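Have a look at the structure below, then the notes.
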Amino acid sequence: MSKVRVLVGTRKGAFILSADGKRDRWDVSGPHFAGWEIYHVKGSPANPDRIYASQSSGWFGQLIQRSEDGGATWEPVGNDFAYDGVPGTHQWYDGTPHPWEFARVWHLEPSLTDPDHVYAGVEDAAIFASTDGGKSWRELSGLRSHDTGASWQPGAGGMCLHTILIDPRSPQRIFAAISAAGAFRSDDAGATWRPINRGLKSAGVPNPTAEVGHCVHRIAMHRDRPDVLFMQKHWDVMRSDDAGESWREISGNLPTDFGFPIDVHAHEPDTVYVVPIKSDSEHFPLDGSLRVFRSRTGGDEWEPLTNGLPQRNCYVNVLRDAMAVDSLDSCGIYFGTTGGQVYASSDAGDNWTAIVRDLPAVLSVEVQTLP
Amino acid sequence: MIRVELPGHLRTLAHVEGAVLLKLDGDVTQRALLDALEARYPVLRGTIRDRASGRRRPFVRFFACETDLSHELPDAPLPPAVATGAEPFLVVGAMAGG
């Protein structure tokens with residue numbers, strides 16, 4: 001029988017939640033790296049026992065941990081994230097120039113085919129790559145040195161590169177997203193990049209339709225249809241049908257279109273999930289009711305999913321990297337909250353249960369479907 | 001032997017219990033001590049000193065002989081009592097919440 005492994009990064013350590021394909025009884029291991037912020041944990045699609053974790057703290061900086069046995073044991077690998085050349089400046093919150101400073105790794109994206117090849121999205125925004133299993137890292141500096149780089153500004157959470165998507169048809173094509181610069185695409189394996197933000201409109205920037213300056217929170221793709229992208233922006237849920245060349249809004253009947261995560265059903269490329277949040281200054285569910293919204297039409301028409309989720313007095317948030325899906329026949333959906341709950345649905349969102357309720361604030365959730 | 005006491009998280013990373021004992025050839029300075037510490041425990045590179053600048057991380061402090069040495073120059077001699085091992089060199093995580 002298939003198994004599922006849920007990799008959870010939290011403010012105070014990593015946890016691994018395991019179950020068989022029924023997904024009704026869970027084993028919880030952790031905290032791994034207790035006391036450290038674990039922004040992201042992700043396994044290699046090519047070798048699921050190879051897992052990478054981003055471990056950081058405000059005191060002691062950044063480490064990258066690697067497991068060869070599915071998270072049972074770990075070893076620290078390389079943590080030298082040196083910007084290429086003289087980093088220069090980007091804009092600070094007040095619009096003044098601010099030097100590029102490495103803070104942490106937000107997201108790790110292993111290659112689809114090579115367990116030793118992994119990308120890292122970092123704050124201040126840049127993308128790095130390792131081809132030796134995380135021992136050494138090289139910046140793909142064509143992104144940060146883009147003509148617009150000096151004008152990028154941080155979002156409230158920092159100027160983070162939080163999303164990296166690899167086109168399953170061609171590893172030459174990589175998508176990345178930065179708060180608050182926008183979405184970018186490379187068609188040459190990360191050597192050069194260009195903004196792909198046409199159609200985005202953002203209040204709060206001098207030119208609402210500018211080439212860059214959009215606070216993209218998350219982008220999702222179905223691997224069978226990689227030219228179709230779904231985006232949760234600061235406000236607005238967006239869709240592109242041409243690999244980011246243009247975007248259109250698909251917020252439709254959502255009660256609020258602010259939010260952080262977005263993901264796609266494993267077997268239905270037009271079934272999309274978001275977790276609407278009240279507003280940019282009130283990062284909690286509308287009316288204290290935690291609802292996942294599902295569209296089975298690729299956007300515009302959304303239905304609330306509430307069975308098993310708290311519908312009163314719930315004021316948690318769901319962060320951008322904290323939703324994932326498994327690939328079992330009945331697709332499982334998972335998300336973690338800043339209140340420490342990890343919710344799971346084994347029926348595509350119709351019914352939810354909490355696997356755990358009292359973890360530290362959840363920063364990220366990834367799922368591995370194992371044979 | 002010089003005695004270095006690390007905060008709990010760094011002892012865990014380095015797999016050490018109690019104080020680290022270091023033997024330095026030449027001048028006993030903050031830089032020489034930290035270089036030797038990182039040479040023995042490469043996992044500590046970047047955790048005490050920023051990898052890019054080489055400077056002490058902001059929330060890390062250095063104490064010895066009841067004195068805050070955090071702002072001493074990296075190549076200044078450490079107190080004789082540290083050099084002889086009579087007193088430990090303390091690497092401290094700042095008392096800040098979290």
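Just remember, in the structure tokens the first chain shown is A, the second B, etc., residues are 1-based per chain, and ligands are 1-based in the order shown.
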
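The chain B residues that come within 10 Å of chain A are His9, Leu10, Thr12, Leu13, Pro42, Val43, Leu44, Arg45, Gly46, Thr47, Ile48, Arg49, Asp50, Arg51, Ala52, Arg57, Pro58, Phe59, Val60, Arg61, Val92, Gly93, Ala94, Met95, Ala96 and Gly98 of chain B, with only C-alpha atoms taken into account.
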
Would you export the selected residues with N, CA and C atoms as a PDB file, in the first residue's frame, please?
```
ATOM      1  N   HIS B   9      22.609  25.499  21.316  1.00  0.00           N
ATOM      2  CA  HIS B   9      22.323  25.143  19.920  1.00  0.00           C
ATOM      3  C   HIS B   9      23.607  24.834  19.150  1.00  0.00           C
ATOM      4  N   LEU B  10      24.676  25.544  19.469  1.00  0.00           N
ATOM      5  CA  LEU B  10      25.926  25.286  18.734  1.00  0.00           C
ATOM      6  C   LEU B  10      26.612  24.032  19.252  1.00  0.00           C
ATOM      7  N   THR B  12      24.966  21.442  20.151  1.00  0.00           N
ATOM      8  CA  THR B  12      24.202  20.387  19.462  1.00  0.00           C
ATOM      9  C   THR B  12      24.708  20.213  18.036  1.00  0.00           C
ATOM     10  N   LEU B  13      24.898  21.335  17.341  1.00  0.00           N
ATOM     11  CA  LEU B  13      25.378  21.248  15.957  1.00  0.00           C
ATOM     12  C   LEU B  13      26.743  20.581  15.886  1.00  0.00           C
ATOM     13  N   PRO B  42      33.640  22.438  11.298  1.00  0.00           N
ATOM     14  CA  PRO B  42      33.222  23.243  10.128  1.00  0.00           C
ATOM     15  C   PRO B  42      31.738  23.604  10.141  1.00  0.00           C
ATOM     16  N   VAL B  43      30.909  22.819  10.830  1.00  0.00           N
ATOM     17  CA  VAL B  43      29.478  23.127  10.864  1.00  0.00           C
ATOM     18  C   VAL B  43      29.213  24.473  11.525  1.00  0.00           C
ATOM     19  N   LEU B  44      30.175  24.969  12.296  1.00  0.00           N
ATOM     20  CA  LEU B  44      29.973  26.249  12.974  1.00  0.00           C
ATOM     21  C   LEU B  44      30.277  27.451  12.084  1.00  0.00           C
ATOM     22  N   ARG B  45      30.808  27.199  10.891  1.00  0.00           N
ATOM     23  CA  ARG B  45      31.085  28.322   9.993  1.00  0.00           C
ATOM     24  C   ARG B  45      29.780  29.022   9.629  1.00  0.00           C
ATOM     25  N   GLY B  46      29.749  30.298   9.847  1.00  0.00           N
ATOM     26  CA  GLY B  46      28.550  31.077   9.542  1.00  0.00           C
ATOM     27  C   GLY B  46      27.606  31.224  10.713  1.00  0.00           C
ATOM     28  N   THR B  47      27.798  30.438  11.767  1.00  0.00           N
ATOM     29  CA  THR B  47      26.863  30.520  12.898  1.00  0.00           C
ATOM     30  C   THR B  47      27.292  31.557  13.931  1.00  0.00           C
ATOM     31  N   ILE B  48      28.587  31.827  14.015  1.00  0.00           N
ATOM     32  CA  ILE B  48      29.106  32.818  14.971  1.00  0.00           C
ATOM     33  C   ILE B  48      29.497  34.095  14.233  1.00  0.00           C
ATOM     34  N   ARG B  49      30.166  33.897  13.089  1.00  0.00           N
ATOM     35  CA  ARG B  49      30.560  35.037  12.245  1.00  0.00           C
ATOM     36  C   ARG B  49      29.837  34.935  10.907  1.00  0.00           C
ATOM     37  N   ASP B  50      29.352  36.063  10.437  1.00  0.00           N
ATOM     38  CA  ASP B  50      28.667  36.101   9.157  1.00  0.00           C
ATOM     39  C   ASP B  50      29.605  35.610   8.050  1.00  0.00           C
ATOM     40  N   ARG B  51      29.090  34.744   7.159  1.00  0.00           N
ATOM     41  CA  ARG B  51      29.969  34.166   6.138  1.00  0.00           C
ATOM     42  C   ARG B  51      30.456  35.218   5.170  1.00  0.00           C
ATOM     43  N   ALA B  52      29.609  36.185   4.865  1.00  0.00           N
ATOM     44  CA  ALA B  52      30.011  37.163   3.849  1.00  0.00           C
ATOM     45  C   ALA B  52      30.971  38.202   4.414  1.00  0.00           C
ATOM     46  N   ARG B  57      28.091  37.793  14.346  1.00  0.00           N
ATOM     47  CA  ARG B  57      26.676  37.962  14.077  1.00  0.00           C
ATOM     48  C   ARG B  57      26.051  38.856  15.156  1.00  0.00           C
ATOM     49  N   PRO B  58      25.045  39.635  14.804  1.00  0.00           N
ATOM     50  CA  PRO B  58      24.561  40.660  15.739  1.00  0.00           C
ATOM     51  C   PRO B  58      24.063  40.112  17.073  1.00  0.00           C
ATOM     52  N   PHE B  59      23.479  38.906  17.060  1.00  0.00           N
ATOM     53  CA  PHE B  59      22.900  38.376  18.297  1.00  0.00           C
ATOM     54  C   PHE B  59      23.841  37.400  18.986  1.00  0.00           C
ATOM     55  N   VAL B  60      25.117  37.445  18.649  1.00  0.00           N
ATOM     56  CA  VAL B  60      26.124  36.630  19.314  1.00  0.00           C
ATOM     57  C   VAL B  60      27.056  37.576  20.062  1.00  0.00           C
ATOM     58  N   ARG B  61      27.389  37.222  21.296  1.00  0.00           N
ATOM     59  CA  ARG B  61      28.309  38.045  22.086  1.00  0.00           C
ATOM     60  C   ARG B  61      29.453  37.176  22.587  1.00  0.00           C
ATOM     61  N   VAL B  92      28.060  33.529  23.423  1.00  0.00           N
ATOM     62  CA  VAL B  92      26.745  33.636  24.050  1.00  0.00           C
ATOM     63  C   VAL B  92      25.718  34.084  23.019  1.00  0.00           C
ATOM     64  N   GLY B  93      24.583  33.415  23.006  1.00  0.00           N
ATOM     65  CA  GLY B  93      23.454  33.904  22.226  1.00  0.00           C
ATOM     66  C   GLY B  93      22.762  34.992  23.013  1.00  0.00           C
ATOM     67  N   ALA B  94      22.528  36.136  22.377  1.00  0.00           N
ATOM     68  CA  ALA B  94      21.964  37.274  23.105  1.00  0.00           C
ATOM     69  C   ALA B  94      20.639  36.890  23.748  1.00  0.00           C
ATOM     70  N   MET B  95      20.401  37.450  24.916  1.00  0.00           N
ATOM     71  CA  MET B  95      19.110  37.227  25.574  1.00  0.00           C
ATOM     72  C   MET B  95      18.066  38.071  24.865  1.00  0.00           C
ATOM     73  N   ALA B  96      17.423  37.453  23.926  1.00  0.00           N
ATOM     74  CA  ALA B  96      16.351  38.122  23.204  1.00  0.00           C
ATOM     75  C   ALA B  96      15.256  37.088  23.046  1.00  0.00           C
ATOM     76  N   GLY B  98      11.857  34.855  21.778  1.00  0.00           N
ATOM     77  CA  GLY B  98      11.730  33.897  20.682  1.00  0.00           C
ATOM     78  C   GLY B  98      11.597  32.495  21.176  1.00  0.00           C
TER      79      GLY B  98
END
```

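Residues surrounding Pro80 (chain B) within 10 Å are Val28, Cys65, Gly85, Ala86 and Glu87 of chain B [only C-alpha atoms; sequence separation below 5 positions excluded].
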
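Going from CA of Pro45 (chain A) over to CA of Glu109 (chain A), you cover 9.8 Å.
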
Considering only helix (DSSP H, G or I) as DSSP defines it on the backbone, what residues of region 2-72 of chain B qualify? List them as a PyMOL selection string. chain B and resi 8-14+30-40+42-44

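Distances to Arg56 (chain B) were evaluated for B:Ala32, B:Ala83, B:Ala76, B:Val91 using only C-alpha atoms, and the minimum falls at B:Val91.
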
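Ranking B:Leu90, B:Ala39, B:Ile2, B:Val82 by their shortest atom-to-atom distance to Ala14 (chain B), with only C-alpha atoms included, puts B:Ala39 first.
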